[in-house]
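Undergrad: Structure below; questions to follow.
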Amino acid sequence: MARIRKTHKLEGFSGRVGKHLKLQDKADGRKQIEHHPAPGPHTEDQWEVFKEAVAYARQAQNLPEYQHEAEVRHTSAFKVATADFLHCPEIVRVDLENYHGHMGDPIDIEAHADVAVTGVGLLLLDEENHLLEMGMAQKHGDVWRYLATHEARSHHHIRVIVDAADLPGHLTESRIEVDV
């Protein structure tokens, strides 16, 4: 940190000087130069994703989900929609404890998104990747619940593929294998 004694030559100046120095006005009126690392490099892909997020937010900011969340967070619906676009949904847990390969057995999924998970889908495959069944889970309290629609008793090894979607349409996938 460097202190500047004759500040009259720097009146009106502030901000970065080169890549690593920043000129700041202090509360007591002094000017000070501090070392600040340069901001990290941004790839073209990151800028493109950000531009897509802004474009999405412009058209989606009037959705009731974003309006409500903006009120809760004390911010704008535009900012909420932009952040939602930049974060994919997360599948936290797939509970296969009560699934035994019988029709009606539940599979519970805990999934989260910045604003809302809009859907959770499942595929159940046998050990040779043949489709046993597929469908959409239903919201059941704090989890999404899928009830098996077919018997899978003759299959010993089941592969479960779960995907969760959010308002911008992003999908997150999780794969779990279980012996029944």
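Each chain in the structure tokens gets a letter, A, B and so on, in the order shown; residues start at 1 in every chain, and ligands are counted from 1 in the order they appear.
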Residues at most 12 Å from segment 116-120 of chain A, counting only C-alpha atoms, excluding those fewer than 2 positions away in the same chain, as JSON, numbers by chain?

TA: {"A": [63, 64, 65, 66, 68, 69, 80, 81, 84, 85, 87, 88, 89, 90, 91, 94, 107, 108, 109, 110, 111, 112, 113, 114, 122, 123, 134, 135, 136, 137, 138, 139, 140, 142, 143, 144, 145, 146, 161, 162, 163, 164, 165, 166, 167, 168, 169, 170, 171, 172, 173, 174]}

Undergrad: Report as a list in words all protein, DNA and RNA residues lying within 6 Å of Val54 of chain A, evaluated on only C-alpha atoms, omitting residues in the same chain fewer than 3 positions from it.

TA: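 My list of contacting residues is Lys51, Ala57 and Thr82 of chain A.
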
Undergrad: Given the selection you just returned, output its residues as a file containing C-alpha atoms, formatted as a PDB file, in the first residue's frame.

TA:
ATOM      1  CA  LYS A  51     -25.317 -12.974 -22.691  1.00  0.00           C
ATOM      2  CA  ALA A  57     -33.906 -12.826 -17.915  1.00  0.00           C
ATOM      3  CA  THR A  82     -30.343 -14.153 -14.530  1.00  0.00           C
TER       4      THR A  82
END

Undergrad: Please identify the strand (DSSP E) residues within segment 55-115 of chain A (assignment by DSSP from backbone atoms) and present them as a PyMOL selection string.

TA: chain A and resi 90-95+106-112

Undergrad: Mind giving me the straight-line distance from atom CA of Asp179 of chain A to atom CA of Thr149 of chain A in Å, one decimal?

TA: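 Taking atom CA of Asp179 of chain A as the start and atom CA of Thr149 of chain A as the end point, the length is 17.8 Å.
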
Undergrad: Looking at A:Ile176, A:Val49, A:Ala55, A:Leu147, which one is nearest to Met103 of chain A, with distances taken over only C-alpha atoms?

TA: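 Ranking A:Ile176, A:Val49, A:Ala55, A:Leu147 by distance to Met103 of chain A, first place goes to A:Leu147.
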
Undergrad: Just list as a tab-separated table (two decimals) with N, CA and C atoms, in the first residue's frame whatever in segment 16-170 of chain A DSSP marks as alpha helix (DSSP H).

TA:
chain	number	residue	atom	x	y	z
A	44	GLU	N	-14.52	-16.71	-24.04
A	44	GLU	CA	-15.63	-16.33	-24.91
A	44	GLU	C	-16.89	-17.11	-24.52
A	45	ASP	N	-16.70	-18.39	-24.16
A	45	ASP	CA	-17.85	-19.21	-23.78
A	45	ASP	C	-18.56	-18.63	-22.56
A	46	GLN	N	-17.79	-18.16	-21.57
A	46	GLN	CA	-18.41	-17.58	-20.37
A	46	GLN	C	-19.21	-16.33	-20.72
A	47	TRP	N	-18.66	-15.49	-21.61
A	47	TRP	CA	-19.39	-14.29	-22.02
A	47	TRP	C	-20.65	-14.66	-22.77
A	48	GLU	N	-20.58	-15.69	-23.60
A	48	GLU	CA	-21.75	-16.13	-24.35
A	48	GLU	C	-22.84	-16.62	-23.40
A	49	VAL	N	-22.45	-17.40	-22.40
A	49	VAL	CA	-23.43	-17.90	-21.43
A	49	VAL	C	-24.06	-16.73	-20.68
A	50	PHE	N	-23.25	-15.75	-20.30
A	50	PHE	CA	-23.79	-14.59	-19.59
A	50	PHE	C	-24.76	-13.81	-20.49
A	51	LYS	N	-24.41	-13.66	-21.76
A	51	LYS	CA	-25.32	-12.97	-22.69
A	51	LYS	C	-26.64	-13.74	-22.83
A	52	GLU	N	-26.56	-15.06	-22.87
A	52	GLU	CA	-27.76	-15.89	-22.93
A	52	GLU	C	-28.60	-15.71	-21.65
A	53	ALA	N	-27.92	-15.63	-20.50
A	53	ALA	CA	-28.62	-15.44	-19.23
A	53	ALA	C	-29.37	-14.12	-19.22
A	54	VAL	N	-28.74	-13.06	-19.71
A	54	VAL	CA	-29.38	-11.75	-19.75
A	54	VAL	C	-30.57	-11.77	-20.71
A	55	ALA	N	-30.39	-12.40	-21.86
A	55	ALA	CA	-31.49	-12.49	-22.82
A	55	ALA	C	-32.66	-13.27	-22.23
A	56	TYR	N	-32.35	-14.36	-21.55
A	56	TYR	CA	-33.39	-15.15	-20.89
A	56	TYR	C	-34.11	-14.31	-19.84
A	57	ALA	N	-33.33	-13.62	-19.00
A	57	ALA	CA	-33.91	-12.83	-17.91
A	57	ALA	C	-34.83	-11.73	-18.45
A	58	ARG	N	-34.46	-11.13	-19.58
A	58	ARG	CA	-35.31	-10.07	-20.15
A	58	ARG	C	-36.70	-10.59	-20.49
A	59	GLN	N	-36.76	-11.81	-21.06
A	59	GLN	CA	-38.07	-12.32	-21.46
A	59	GLN	C	-38.78	-13.06	-20.32
A	60	ALA	N	-38.05	-13.52	-19.28
A	60	ALA	CA	-38.66	-14.33	-18.23
A	60	ALA	C	-38.92	-13.57	-16.93
A	64	PRO	N	-44.41	-15.30	-12.74
A	64	PRO	CA	-44.79	-15.15	-11.32
A	64	PRO	C	-43.76	-15.72	-10.36
A	65	GLU	N	-43.09	-16.81	-10.74
A	65	GLU	CA	-42.08	-17.41	-9.86
A	65	GLU	C	-40.93	-16.43	-9.60
A	66	TYR	N	-40.49	-15.72	-10.65
A	66	TYR	CA	-39.40	-14.75	-10.48
A	66	TYR	C	-39.87	-13.51	-9.74
A	67	GLN	N	-41.09	-13.07	-9.99
A	67	GLN	CA	-41.64	-11.92	-9.29
A	67	GLN	C	-41.73	-12.21	-7.79
A	68	HIS	N	-42.24	-13.39	-7.45
A	68	HIS	CA	-42.36	-13.76	-6.04
A	68	HIS	C	-40.98	-13.86	-5.38
A	69	GLU	N	-40.06	-14.54	-6.04
A	69	GLU	CA	-38.72	-14.72	-5.45
A	69	GLU	C	-38.01	-13.39	-5.31
A	70	ALA	N	-38.23	-12.47	-6.23
A	70	ALA	CA	-37.63	-11.13	-6.14
A	70	ALA	C	-38.13	-10.39	-4.90
A	71	GLU	N	-39.42	-10.52	-4.59
A	71	GLU	CA	-39.96	-9.90	-3.39
A	71	GLU	C	-39.33	-10.50	-2.13
A	72	VAL	N	-39.20	-11.82	-2.11
A	72	VAL	CA	-38.61	-12.51	-0.96
A	72	VAL	C	-37.16	-12.09	-0.76
A	73	ARG	N	-36.41	-11.97	-1.86
A	73	ARG	CA	-34.98	-11.65	-1.78
A	73	ARG	C	-34.70	-10.16	-1.76
A	77	ALA	N	-36.65	-8.98	-10.25
A	77	ALA	CA	-36.96	-10.26	-10.91
A	77	ALA	C	-35.94	-10.53	-12.02
A	78	PHE	N	-35.42	-9.48	-12.63
A	78	PHE	CA	-34.39	-9.64	-13.67
A	78	PHE	C	-33.14	-10.31	-13.09
A	79	LYS	N	-32.70	-9.85	-11.91
A	79	LYS	CA	-31.53	-10.46	-11.28
A	79	LYS	C	-31.79	-11.90	-10.87
A	80	VAL	N	-32.97	-12.18	-10.36
A	80	VAL	CA	-33.32	-13.54	-9.95
A	80	VAL	C	-33.31	-14.46	-11.17
A	81	ALA	N	-33.90	-14.00	-12.28
A	81	ALA	CA	-33.96	-14.82	-13.50
A	81	ALA	C	-32.56	-15.04	-14.08
A	82	THR	N	-31.72	-14.02	-14.03
A	82	THR	CA	-30.34	-14.15	-14.53
A	82	THR	C	-29.59	-15.19	-13.71
A	83	ALA	N	-29.68	-15.09	-12.39
A	83	ALA	CA	-28.99	-16.05	-11.52
A	83	ALA	C	-29.54	-17.46	-11.73
A	84	ASP	N	-30.85	-17.58	-11.91
A	84	ASP	CA	-31.45	-18.89	-12.12
A	84	ASP	C	-30.91	-19.52	-13.40
A	85	PHE	N	-30.75	-18.72	-14.44
A	85	PHE	CA	-30.21	-19.24	-15.71
A	85	PHE	C	-28.78	-19.74	-15.53
A	86	LEU	N	-28.01	-19.07	-14.69
A	86	LEU	CA	-26.59	-19.39	-14.54
A	86	LEU	C	-26.34	-20.59	-13.63

Undergrad: What does the distance from atom CA of Gly104 of chain A to atom CA of Glu177 of chain A come to in Å, to one decimal?

TA: 18.8 Å

Undergrad: Would you work out the distance separating atom CA of Leu96 of chain A from atom CA of Glu128 of chain A, expressed in Å to one decimal?

TA: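 Interatomic distance, atom CA of Leu96 of chain A to atom CA of Glu128 of chain A: 19.9 Å.
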
Undergrad: Would you list the contacts of His130 of chain A as a ChimeraX atom specification, taking every protein, DNA or RNA residue within 10 Å and counting only C-alpha atoms, but skipping same-chain residues closer than 4 positions in sequence?

TA: /A:124-126,158-159
